[in-house]
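Source file: data.txt (compact mmCIF, C-alpha atoms and all ligand atoms)
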```txt
# COMPACT_ATOMS: atom_id res chain seq x y z
CA MET A 144 31.07 33.57 -84.76
CA ALA A 145 31.51 30.30 -82.99
CA ILE A 146 30.31 26.74 -83.16
CA LEU A 147 28.86 26.02 -79.74
CA LYS A 148 28.92 22.79 -77.77
CA VAL A 149 25.58 20.98 -77.97
CA ALA A 150 24.12 19.69 -74.69
CA ARG A 151 23.11 16.03 -74.80
CA MET A 152 20.16 14.33 -73.13
CA GLY A 153 20.89 13.95 -69.45
CA HIS A 154 22.29 17.46 -69.08
CA PRO A 155 19.95 19.37 -66.75
CA VAL A 156 19.93 22.46 -69.01
CA LEU A 157 17.69 20.49 -71.40
CA ARG A 158 15.09 19.96 -68.68
CA GLN A 159 14.72 23.55 -67.48
CA GLN A 160 11.88 25.93 -68.04
CA CYS A 161 13.68 28.62 -70.04
CA ARG A 162 13.26 32.29 -69.16
CA PRO A 163 11.86 34.91 -71.54
CA ILE A 164 14.16 37.40 -73.22
CA ASP A 165 13.48 41.08 -72.57
CA PRO A 166 12.26 42.31 -76.01
CA GLU A 167 14.29 45.50 -75.53
CA LYS A 168 17.46 43.40 -75.45
CA ILE A 169 16.85 41.45 -78.66
CA THR A 170 18.84 43.86 -80.79
CA GLY A 171 21.64 44.04 -78.20
CA ASP A 172 25.03 42.40 -78.68
CA GLU A 173 24.43 39.46 -76.39
CA VAL A 174 21.26 38.14 -78.08
CA GLN A 175 22.56 38.94 -81.57
CA ARG A 176 25.75 36.99 -80.92
CA LEU A 177 23.76 34.04 -79.58
CA VAL A 178 21.54 34.02 -82.69
CA ARG A 179 24.59 34.07 -85.00
CA ASP A 180 26.37 31.35 -83.06
CA MET A 181 23.24 29.20 -82.99
CA PHE A 182 22.91 29.50 -86.78
CA GLU A 183 26.53 28.50 -87.23
CA THR A 184 26.13 25.55 -84.83
CA MET A 185 22.90 24.36 -86.47
CA ILE A 186 24.45 24.47 -89.94
CA GLU A 187 27.60 22.70 -88.75
CA TYR A 188 25.53 19.79 -87.43
CA ASN A 189 22.98 19.77 -90.28
CA GLY A 190 20.12 20.64 -87.97
CA VAL A 191 16.75 21.80 -89.22
CA GLY A 192 16.33 23.76 -86.01
CA LEU A 193 18.05 24.51 -82.73
CA ALA A 194 16.90 25.81 -79.36
CA ALA A 195 19.00 27.93 -77.00
CA PRO A 196 19.02 25.37 -74.14
CA GLN A 197 20.72 22.95 -76.56
CA VAL A 198 23.69 25.31 -76.47
CA HIS A 199 23.48 25.69 -72.67
CA GLN A 200 21.50 28.96 -72.69
CA PRO A 201 18.19 28.55 -70.84
CA VAL A 202 16.37 31.39 -72.62
CA ARG A 203 13.29 31.35 -74.87
CA LEU A 204 15.01 31.54 -78.23
CA ALA A 205 14.90 28.97 -81.02
CA ILE A 206 15.61 28.69 -84.72
CA ALA A 207 13.15 26.62 -86.73
CA GLY A 208 13.38 25.53 -90.37
CA GLY A 209 11.51 23.20 -92.65
CA GLU A 210 10.17 25.93 -94.92
CA THR A 211 11.50 27.14 -98.26
CA ASP A 212 11.41 30.67 -99.63
CA GLN A 213 10.01 31.61 -103.05
CA ASP A 214 13.33 30.61 -104.69
CA GLY A 215 13.22 27.18 -103.10
CA ARG A 216 15.99 27.88 -100.60
CA PRO A 217 15.66 26.70 -96.99
CA ARG A 218 14.05 29.29 -94.79
CA PHE A 219 14.72 29.51 -91.06
CA ARG A 220 12.83 31.64 -88.58
CA VAL A 221 14.22 33.00 -85.34
CA LEU A 222 11.59 32.64 -82.63
CA ILE A 223 11.98 34.64 -79.42
CA ASN A 224 9.45 34.17 -76.59
CA PRO A 225 7.27 32.09 -78.96
CA GLU A 226 3.66 31.19 -78.21
CA ILE A 227 1.97 28.36 -80.08
CA THR A 228 -1.74 27.82 -80.57
CA VAL A 229 -2.89 24.52 -82.06
CA LEU A 230 -5.40 25.29 -84.82
CA ASP A 231 -6.56 21.75 -85.46
CA GLU A 232 -6.45 19.22 -82.61
CA GLU A 233 -7.68 16.41 -84.85
CA THR A 234 -5.17 16.36 -87.69
CA LYS A 235 -1.81 14.99 -86.62
CA LEU A 236 1.40 14.59 -88.55
CA GLY A 237 3.60 11.67 -87.52
CA MET A 238 7.27 11.28 -88.36
CA TYR A 239 10.54 9.94 -87.07
CA GLU A 240 12.06 12.84 -85.21
CA GLY A 241 15.69 13.27 -84.36
CA CYS A 242 17.46 15.75 -82.12
CA LEU A 243 21.01 17.07 -82.02
CA SER A 244 20.85 16.54 -78.24
CA ILE A 245 19.96 12.85 -78.72
CA PRO A 246 22.44 11.84 -81.43
CA GLY A 247 22.02 8.61 -83.34
CA LEU A 248 18.40 7.95 -82.37
CA ARG A 249 15.02 8.39 -84.00
CA GLY A 250 11.55 8.15 -82.53
CA TRP A 251 8.07 8.31 -83.98
CA VAL A 252 6.10 11.31 -82.73
CA GLU A 253 2.71 12.60 -83.80
CA ARG A 254 1.97 16.29 -83.44
CA PRO A 255 -0.76 18.68 -84.53
CA ALA A 256 -0.21 19.56 -88.18
CA ARG A 257 -1.47 23.15 -88.09
CA ILE A 258 -0.43 25.83 -85.61
CA ARG A 259 -0.39 29.57 -85.15
CA VAL A 260 2.87 31.05 -83.89
CA LYS A 261 3.41 34.41 -82.21
CA ALA A 262 7.00 35.40 -81.52
CA TYR A 263 9.55 38.16 -81.79
CA ASN A 264 12.07 37.79 -84.60
CA GLU A 265 15.79 38.61 -84.38
CA LYS A 266 15.06 42.26 -85.20
CA GLY A 267 12.77 42.55 -82.19
CA GLN A 268 9.64 42.67 -84.37
CA ARG A 269 6.48 40.93 -83.26
CA GLN A 270 5.48 38.23 -85.79
CA GLU A 271 2.39 36.12 -86.20
CA PHE A 272 1.99 33.34 -88.76
CA VAL A 273 0.39 29.98 -89.43
CA LEU A 274 2.42 26.85 -90.18
CA ASP A 275 1.26 23.59 -91.74
CA GLY A 276 2.95 20.21 -91.95
CA PHE A 277 6.69 19.75 -91.52
CA PRO A 278 7.56 23.32 -90.43
CA ALA A 279 4.76 23.08 -87.84
CA VAL A 280 6.38 19.91 -86.47
CA VAL A 281 9.86 21.47 -86.40
CA THR A 282 8.56 24.56 -84.61
CA GLN A 283 6.75 22.48 -81.98
CA HIS A 284 9.86 20.37 -81.42
CA GLU A 285 11.99 23.50 -80.92
CA CYS A 286 9.47 25.25 -78.69
CA ASP A 287 9.18 22.09 -76.56
CA HIS A 288 12.90 22.51 -75.79
CA LEU A 289 12.09 25.89 -74.20
CA ASP A 290 9.87 24.08 -71.69
CA GLY A 291 12.39 21.33 -70.99
CA VAL A 292 10.51 18.79 -73.12
CA LEU A 293 12.31 16.38 -75.47
CA TYR A 294 10.72 14.41 -78.30
CA VAL A 295 11.33 11.18 -76.39
CA ASP A 296 8.71 12.39 -73.89
CA ARG A 297 6.16 12.31 -76.72
CA ILE A 298 6.88 8.84 -78.09
CA THR A 299 3.77 6.77 -77.47
CA ASP A 300 5.03 3.54 -79.04
CA THR A 301 8.55 2.68 -77.90
CA LYS A 302 8.73 -0.01 -80.61
CA ARG A 303 9.20 2.91 -82.95
CA PHE A 304 12.18 4.28 -81.07
CA ALA A 305 15.42 3.13 -82.65
CA PHE A 306 18.99 3.83 -83.56
CA GLU A 307 19.20 5.78 -86.77
CA GLU A 308 21.00 3.08 -88.77
CA GLU A 309 18.52 0.39 -87.73
CA ALA A 310 15.62 2.74 -88.32
CA GLU A 311 16.90 3.30 -91.85
CA ARG A 312 17.21 -0.43 -92.44
CA PHE A 313 14.12 -1.82 -90.74
CA LEU A 314 11.62 0.95 -90.15
CA ASP A 315 10.35 2.90 -93.04
CA LEU A 316 12.01 6.23 -92.33
CA ALA A 317 11.04 7.20 -95.84
CA ASP A 318 7.41 6.82 -94.75
CA ASP A 319 7.59 10.50 -94.80
CA ASP A 320 10.50 11.88 -96.74
CA VAL A 321 10.63 15.00 -94.63
CA GLY A 322 11.08 13.00 -91.44
CA ASP A 323 14.77 12.55 -91.99
CA SER A 324 16.01 15.52 -90.09
CA GLU A 325 17.40 16.46 -86.74
CA ASP A 326 16.40 19.34 -84.58
ZN ZN B 401 15.76 18.84 -80.45
```
Before anything else, please render the file you have as structure tokens.
Ligand code: ZN
Amino acid sequence: MAILKVARMGHPVLRQQCRPIDPEKITGDEVQRLVRDMFETMIEYNGVGLAAPQVHQPVRLAIAGGETDQDGRPRFRVLINPEITVLDEETKLGMYEGCLSIPGLRGWVERPARIRVKAYNEKGQRQEFVLDGFPAVVTQHECDHLDGVLYVDRITDTKRFAFEEEAERFLDLADDDVGDSED
């Protein structure tokens, strides 16, 4: 396993349309190694999610967290070639998002709070599930990376874009206690 270098905003890999992964190759060495290395990298940097282009691999693979399992432990899903359908256009969830590719900054973004996700998992199995609230936000943030979109593109009020330390002091980051996380 290896901790991978994280691409920062400005690197063109973060602005590419990522290519799908051949489902037949998901269980192969190359994809399996990338999944393991991405987990190790995400944990090292305390991320709640990570997308492959953030580690310089322009393929449609992301890890998204924000959920807990039945024992209360953090649950992460591997999403390969994910497709998102917004189930409720009206209800939005706003929070200060962060990103491992944009270190030290936070910006207020509002996203649909309820989505359906279809994706392959790391075993090459087709999955379909509905997410509500924070995990729905994390998953949208990660899937945006696969289309070369960063959360800064979705900030509508730049007055709510700030350095993390100032945001903690002057903006109510705790507005939403799940907003304190980086993807
Ligand atoms: Zn991110």
Let me have all residues with an atom within 10 Å of ligand ZN 401 (chain B), counting only C-alpha atoms and all ligand atoms, laid out as number ranges by chain.
-> A: 151-152, 157, 190-194, 196-197, 240-246, 281, 283-288, 292-295, 325-326
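For the residues A:Leu230, A:Leu289, A:Leu177, A:Ala207, ranking by smallest atom-to-atom distance to Arg254 of chain A using only C-alpha atoms places A:Leu230 first.
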What's the 6 Å shell around segment 302-306 of chain A, counting all atoms listed in the file, without same-chain residues fewer than 5 positions away, as a list in words?
->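 Close residues of segment 302-306 of chain A: Gly247, Leu248, Arg249, Gly250 and Trp251 of chain A.
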Using all atoms of segment 201-212 of chain A that appear in the file, construct an axis-aligned enclosing box with 5 Å of padding on every side and provide its centre coordinates and edge lengths in Å, rounded to one decimal, as AutoDock Vina command-line options.
```
--center_x 14.2 --center_y 27.4 --center_z -85.2 --size_x 18.0 --size_y 18.3 --size_z 38.8
```
For atom CA of Glu167 of chain A and atom CA of Pro225 of chain A, determine how far apart the two atoms are, in Å to one decimal place.
-> 15.5 Å
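Using all atoms listed in the file, every residue with an atom at most 6 Å from the point (4.9, 31.1, -81.3) is listed here: Pro225, Glu226, Ile227, Val260, Lys261 and Ala262 of chain A.
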Which residue, A:Leu314, A:Leu222, A:Thr301, A:Leu204, has the smallest gap to Pro163 of chain A when you use only C-alpha atoms?
->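 The closest residue to Pro163 of chain A is A:Leu204.
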At what distance in Å, to one decimal, does atom CA of Val202 of chain A lie from atom CA of Glu173 of chain A?
->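 So the answer is 12.0 Å.
In this structure, atom CA of Gly237 of chain A sits 21.1 Å away from atom CA of Asp290 of chain A.
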Nearest to Thr282 of chain A, chosen from A:His154, A:Arg257, A:Lys235, A:Arg176, with only C-alpha atoms counted in the distances =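 Among A:His154, A:Arg257, A:Lys235, A:Arg176, it is A:Arg257 that comes nearest to Thr282 of chain A.
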Do you have, as JSON lines, the list of residues of segment 179-260 of chain A lying at most 8 Å from segment 270-278 of chain A, each with its nearest atom pair and that distance in Å to one decimal, counting only C-alpha atoms and ordered by chain then number?
```
{"residue": "A:Ala207", "atom": "CA", "partner": "A:Pro278", "partner_atom": "CA", "distance": 7.5}
{"residue": "A:Gly208", "atom": "CA", "partner": "A:Pro278", "partner_atom": "CA", "distance": 6.2}
{"residue": "A:Gly209", "atom": "CA", "partner": "A:Pro278", "partner_atom": "CA", "distance": 4.5}
{"residue": "A:Glu210", "atom": "CA", "partner": "A:Pro278", "partner_atom": "CA", "distance": 5.8}
{"residue": "A:Leu236", "atom": "CA", "partner": "A:Gly276", "partner_atom": "CA", "distance": 6.7}
{"residue": "A:Ala256", "atom": "CA", "partner": "A:Gly276", "partner_atom": "CA", "distance": 5.0}
{"residue": "A:Arg257", "atom": "CA", "partner": "A:Asp275", "partner_atom": "CA", "distance": 4.6}
{"residue": "A:Ile258", "atom": "CA", "partner": "A:Leu274", "partner_atom": "CA", "distance": 5.5}
{"residue": "A:Arg259", "atom": "CA", "partner": "A:Val273", "partner_atom": "CA", "distance": 4.4}
{"residue": "A:Val260", "atom": "CA", "partner": "A:Phe272", "partner_atom": "CA", "distance": 5.5}
```
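For the residues A:Ala195, A:Val149, A:Ala279, A:Ile206, ranking by smallest atom-to-atom distance to Arg162 of chain A using all atoms listed in the file places A:Ala195 first.
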Which one of A:Thr184, A:Asp212, A:Asp231, A:Gly291 sits closest to Gln159 of chain A if you count all atoms listed in the file?
->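 Result for the nearest residue to Gln159 of chain A: A:Gly291.
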Return the single residue from A:Phe182, A:Asp315, A:Gln175, A:Met144 that is closest to Arg218 of chain A, with distances computed using all atoms listed in the file.
-> A:Phe182
Export segment 243-278 of chain A of the preceding structure, keeping N, CA, C and O atoms, as a PDB file, in the first residue's frame.
```
ATOM      1  N   LEU A 243      -9.518  18.020  -0.049  1.00  0.00           N
ATOM      2  CA  LEU A 243      -8.084  17.759   0.127  1.00  0.00           C
ATOM      3  C   LEU A 243      -7.268  18.398  -0.994  1.00  0.00           C
ATOM      4  O   LEU A 243      -6.077  18.627  -0.832  1.00  0.00           O
ATOM      5  N   SER A 244      -7.906  18.707  -2.112  1.00  0.00           N
ATOM      6  CA  SER A 244      -7.208  19.352  -3.231  1.00  0.00           C
ATOM      7  C   SER A 244      -7.206  20.875  -3.114  1.00  0.00           C
ATOM      8  O   SER A 244      -6.590  21.562  -3.936  1.00  0.00           O
ATOM      9  N   ILE A 245      -7.931  21.390  -2.098  1.00  0.00           N
ATOM     10  CA  ILE A 245      -7.998  22.837  -1.870  1.00  0.00           C
ATOM     11  C   ILE A 245      -7.739  23.053  -0.378  1.00  0.00           C
ATOM     12  O   ILE A 245      -8.615  23.471   0.376  1.00  0.00           O
ATOM     13  N   PRO A 246      -6.521  22.739   0.078  1.00  0.00           N
ATOM     14  CA  PRO A 246      -6.274  22.717   1.519  1.00  0.00           C
ATOM     15  C   PRO A 246      -6.408  24.096   2.157  1.00  0.00           C
ATOM     16  O   PRO A 246      -6.056  25.104   1.562  1.00  0.00           O
ATOM     17  N   GLY A 247      -6.969  24.079   3.376  1.00  0.00           N
ATOM     18  CA  GLY A 247      -7.014  25.304   4.174  1.00  0.00           C
ATOM     19  C   GLY A 247      -8.207  26.200   3.907  1.00  0.00           C
ATOM     20  O   GLY A 247      -8.346  27.237   4.540  1.00  0.00           O
ATOM     21  N   LEU A 248      -9.074  25.814   2.970  1.00  0.00           N
ATOM     22  CA  LEU A 248     -10.208  26.674   2.623  1.00  0.00           C
ATOM     23  C   LEU A 248     -11.524  25.952   2.839  1.00  0.00           C
ATOM     24  O   LEU A 248     -11.581  24.716   2.808  1.00  0.00           O
ATOM     25  N   ARG A 249     -12.555  26.754   3.054  1.00  0.00           N
ATOM     26  CA  ARG A 249     -13.922  26.230   3.191  1.00  0.00           C
ATOM     27  C   ARG A 249     -14.861  27.130   2.419  1.00  0.00           C
ATOM     28  O   ARG A 249     -14.684  28.351   2.421  1.00  0.00           O
ATOM     29  N   GLY A 250     -15.864  26.524   1.805  1.00  0.00           N
ATOM     30  CA  GLY A 250     -16.858  27.325   1.088  1.00  0.00           C
ATOM     31  C   GLY A 250     -18.247  26.743   1.249  1.00  0.00           C
ATOM     32  O   GLY A 250     -18.416  25.518   1.308  1.00  0.00           O
ATOM     33  N   TRP A 251     -19.209  27.642   1.325  1.00  0.00           N
ATOM     34  CA  TRP A 251     -20.597  27.219   1.550  1.00  0.00           C
ATOM     35  C   TRP A 251     -21.222  26.770   0.223  1.00  0.00           C
ATOM     36  O   TRP A 251     -21.240  27.523  -0.752  1.00  0.00           O
ATOM     37  N   VAL A 252     -21.705  25.543   0.230  1.00  0.00           N
ATOM     38  CA  VAL A 252     -22.326  24.974  -0.979  1.00  0.00           C
ATOM     39  C   VAL A 252     -23.657  24.351  -0.577  1.00  0.00           C
ATOM     40  O   VAL A 252     -23.765  23.744   0.498  1.00  0.00           O
ATOM     41  N   GLU A 253     -24.644  24.524  -1.439  1.00  0.00           N
ATOM     42  CA  GLU A 253     -25.945  23.883  -1.195  1.00  0.00           C
ATOM     43  C   GLU A 253     -26.197  22.862  -2.297  1.00  0.00           C
ATOM     44  O   GLU A 253     -26.062  23.167  -3.479  1.00  0.00           O
ATOM     45  N   ARG A 254     -26.534  21.664  -1.863  1.00  0.00           N
ATOM     46  CA  ARG A 254     -26.759  20.571  -2.828  1.00  0.00           C
ATOM     47  C   ARG A 254     -28.054  19.854  -2.483  1.00  0.00           C
ATOM     48  O   ARG A 254     -28.495  19.880  -1.328  1.00  0.00           O
ATOM     49  N   PRO A 255     -28.612  19.163  -3.485  1.00  0.00           N
ATOM     50  CA  PRO A 255     -29.799  18.345  -3.198  1.00  0.00           C
ATOM     51  C   PRO A 255     -29.510  17.358  -2.067  1.00  0.00           C
ATOM     52  O   PRO A 255     -28.434  16.758  -2.009  1.00  0.00           O
ATOM     53  N   ALA A 256     -30.494  17.198  -1.181  1.00  0.00           N
ATOM     54  CA  ALA A 256     -30.281  16.407   0.035  1.00  0.00           C
ATOM     55  C   ALA A 256     -30.628  14.933  -0.136  1.00  0.00           C
ATOM     56  O   ALA A 256     -30.371  14.132   0.766  1.00  0.00           O
ATOM     57  N   ARG A 257     -31.225  14.586  -1.275  1.00  0.00           N
ATOM     58  CA  ARG A 257     -31.664  13.191  -1.450  1.00  0.00           C
ATOM     59  C   ARG A 257     -31.358  12.747  -2.880  1.00  0.00           C
ATOM     60  O   ARG A 257     -31.822  13.369  -3.841  1.00  0.00           O
ATOM     61  N   ILE A 258     -30.564  11.687  -2.975  1.00  0.00           N
ATOM     62  CA  ILE A 258     -30.150  11.203  -4.307  1.00  0.00           C
ATOM     63  C   ILE A 258     -30.230   9.679  -4.380  1.00  0.00           C
ATOM     64  O   ILE A 258     -30.188   8.991  -3.362  1.00  0.00           O
ATOM     65  N   ARG A 259     -30.342   9.201  -5.619  1.00  0.00           N
ATOM     66  CA  ARG A 259     -30.186   7.768  -5.862  1.00  0.00           C
ATOM     67  C   ARG A 259     -28.843   7.577  -6.565  1.00  0.00           C
ATOM     68  O   ARG A 259     -28.470   8.372  -7.430  1.00  0.00           O
ATOM     69  N   VAL A 260     -28.101   6.561  -6.141  1.00  0.00           N
ATOM     70  CA  VAL A 260     -26.786   6.295  -6.709  1.00  0.00           C
ATOM     71  C   VAL A 260     -26.778   4.904  -7.318  1.00  0.00           C
ATOM     72  O   VAL A 260     -27.249   3.943  -6.691  1.00  0.00           O
ATOM     73  N   LYS A 261     -26.270   4.815  -8.547  1.00  0.00           N
ATOM     74  CA  LYS A 261     -26.009   3.508  -9.153  1.00  0.00           C
ATOM     75  C   LYS A 261     -24.514   3.469  -9.446  1.00  0.00           C
ATOM     76  O   LYS A 261     -23.973   4.417 -10.022  1.00  0.00           O
ATOM     77  N   ALA A 262     -23.868   2.392  -9.043  1.00  0.00           N
ATOM     78  CA  ALA A 262     -22.417   2.294  -9.247  1.00  0.00           C
ATOM     79  C   ALA A 262     -21.992   0.843  -9.084  1.00  0.00           C
ATOM     80  O   ALA A 262     -22.730   0.023  -8.519  1.00  0.00           O
ATOM     81  N   TYR A 263     -20.815   0.539  -9.568  1.00  0.00           N
ATOM     82  CA  TYR A 263     -20.177  -0.736  -9.229  1.00  0.00           C
ATOM     83  C   TYR A 263     -19.415  -0.533  -7.930  1.00  0.00           C
ATOM     84  O   TYR A 263     -18.871   0.551  -7.686  1.00  0.00           O
ATOM     85  N   ASN A 264     -19.343  -1.574  -7.110  1.00  0.00           N
ATOM     86  CA  ASN A 264     -18.479  -1.505  -5.934  1.00  0.00           C
ATOM     87  C   ASN A 264     -17.111  -2.125  -6.278  1.00  0.00           C
ATOM     88  O   ASN A 264     -16.856  -2.484  -7.433  1.00  0.00           O
ATOM     89  N   GLU A 265     -16.253  -2.235  -5.255  1.00  0.00           N
ATOM     90  CA  GLU A 265     -14.884  -2.702  -5.503  1.00  0.00           C
ATOM     91  C   GLU A 265     -14.819  -4.190  -5.853  1.00  0.00           C
ATOM     92  O   GLU A 265     -13.783  -4.685  -6.274  1.00  0.00           O
ATOM     93  N   LYS A 266     -15.951  -4.890  -5.649  1.00  0.00           N
ATOM     94  CA  LYS A 266     -15.994  -6.309  -6.038  1.00  0.00           C
ATOM     95  C   LYS A 266     -16.556  -6.485  -7.447  1.00  0.00           C
ATOM     96  O   LYS A 266     -16.761  -7.613  -7.897  1.00  0.00           O
ATOM     97  N   GLY A 267     -16.872  -5.366  -8.089  1.00  0.00           N
ATOM     98  CA  GLY A 267     -17.418  -5.443  -9.441  1.00  0.00           C
ATOM     99  C   GLY A 267     -18.917  -5.704  -9.464  1.00  0.00           C
ATOM    100  O   GLY A 267     -19.479  -6.033 -10.505  1.00  0.00           O
ATOM    101  N   GLN A 268     -19.564  -5.546  -8.288  1.00  0.00           N
ATOM    102  CA  GLN A 268     -21.015  -5.762  -8.206  1.00  0.00           C
ATOM    103  C   GLN A 268     -21.748  -4.454  -8.445  1.00  0.00           C
ATOM    104  O   GLN A 268     -21.338  -3.411  -7.939  1.00  0.00           O
ATOM    105  N   ARG A 269     -22.839  -4.548  -9.179  1.00  0.00           N
ATOM    106  CA  ARG A 269     -23.676  -3.386  -9.450  1.00  0.00           C
ATOM    107  C   ARG A 269     -24.478  -3.068  -8.195  1.00  0.00           C
ATOM    108  O   ARG A 269     -25.115  -3.956  -7.616  1.00  0.00           O
ATOM    109  N   GLN A 270     -24.454  -1.806  -7.743  1.00  0.00           N
ATOM    110  CA  GLN A 270     -25.163  -1.405  -6.526  1.00  0.00           C
ATOM    111  C   GLN A 270     -26.127  -0.280  -6.859  1.00  0.00           C
ATOM    112  O   GLN A 270     -25.857   0.523  -7.754  1.00  0.00           O
ATOM    113  N   GLU A 271     -27.210  -0.230  -6.112  1.00  0.00           N
ATOM    114  CA  GLU A 271     -28.136   0.885  -6.244  1.00  0.00           C
ATOM    115  C   GLU A 271     -28.659   1.216  -4.848  1.00  0.00           C
ATOM    116  O   GLU A 271     -29.078   0.307  -4.126  1.00  0.00           O
ATOM    117  N   PHE A 272     -28.593   2.490  -4.458  1.00  0.00           N
ATOM    118  CA  PHE A 272     -29.045   2.860  -3.118  1.00  0.00           C
ATOM    119  C   PHE A 272     -29.429   4.340  -3.091  1.00  0.00           C
ATOM    120  O   PHE A 272     -29.065   5.111  -3.992  1.00  0.00           O
ATOM    121  N   VAL A 273     -30.148   4.691  -2.044  1.00  0.00           N
ATOM    122  CA  VAL A 273     -30.587   6.073  -1.857  1.00  0.00           C
ATOM    123  C   VAL A 273     -29.814   6.656  -0.681  1.00  0.00           C
ATOM    124  O   VAL A 273     -29.607   5.977   0.331  1.00  0.00           O
ATOM    125  N   LEU A 274     -29.362   7.893  -0.823  1.00  0.00           N
ATOM    126  CA  LEU A 274     -28.663   8.575   0.270  1.00  0.00           C
ATOM    127  C   LEU A 274     -29.388   9.870   0.620  1.00  0.00           C
ATOM    128  O   LEU A 274     -29.878  10.571  -0.271  1.00  0.00           O
ATOM    129  N   ASP A 275     -29.405  10.167   1.918  1.00  0.00           N
ATOM    130  CA  ASP A 275     -30.021  11.388   2.428  1.00  0.00           C
ATOM    131  C   ASP A 275     -29.007  12.162   3.255  1.00  0.00           C
ATOM    132  O   ASP A 275     -28.231  11.562   3.996  1.00  0.00           O
ATOM    133  N   GLY A 276     -29.058  13.477   3.159  1.00  0.00           N
ATOM    134  CA  GLY A 276     -28.273  14.318   4.055  1.00  0.00           C
ATOM    135  C   GLY A 276     -26.782  14.284   3.767  1.00  0.00           C
ATOM    136  O   GLY A 276     -26.364  14.271   2.611  1.00  0.00           O
ATOM    137  N   PHE A 277     -25.981  14.253   4.834  1.00  0.00           N
ATOM    138  CA  PHE A 277     -24.532  14.395   4.688  1.00  0.00           C
ATOM    139  C   PHE A 277     -23.904  13.407   3.694  1.00  0.00           C
ATOM    140  O   PHE A 277     -23.142  13.815   2.816  1.00  0.00           O
ATOM    141  N   PRO A 278     -24.198  12.094   3.788  1.00  0.00           N
ATOM    142  CA  PRO A 278     -23.588  11.199   2.794  1.00  0.00           C
ATOM    143  C   PRO A 278     -23.991  11.531   1.352  1.00  0.00           C
ATOM    144  O   PRO A 278     -23.201  11.309   0.420  1.00  0.00           O
TER     145      PRO A 278
END
```
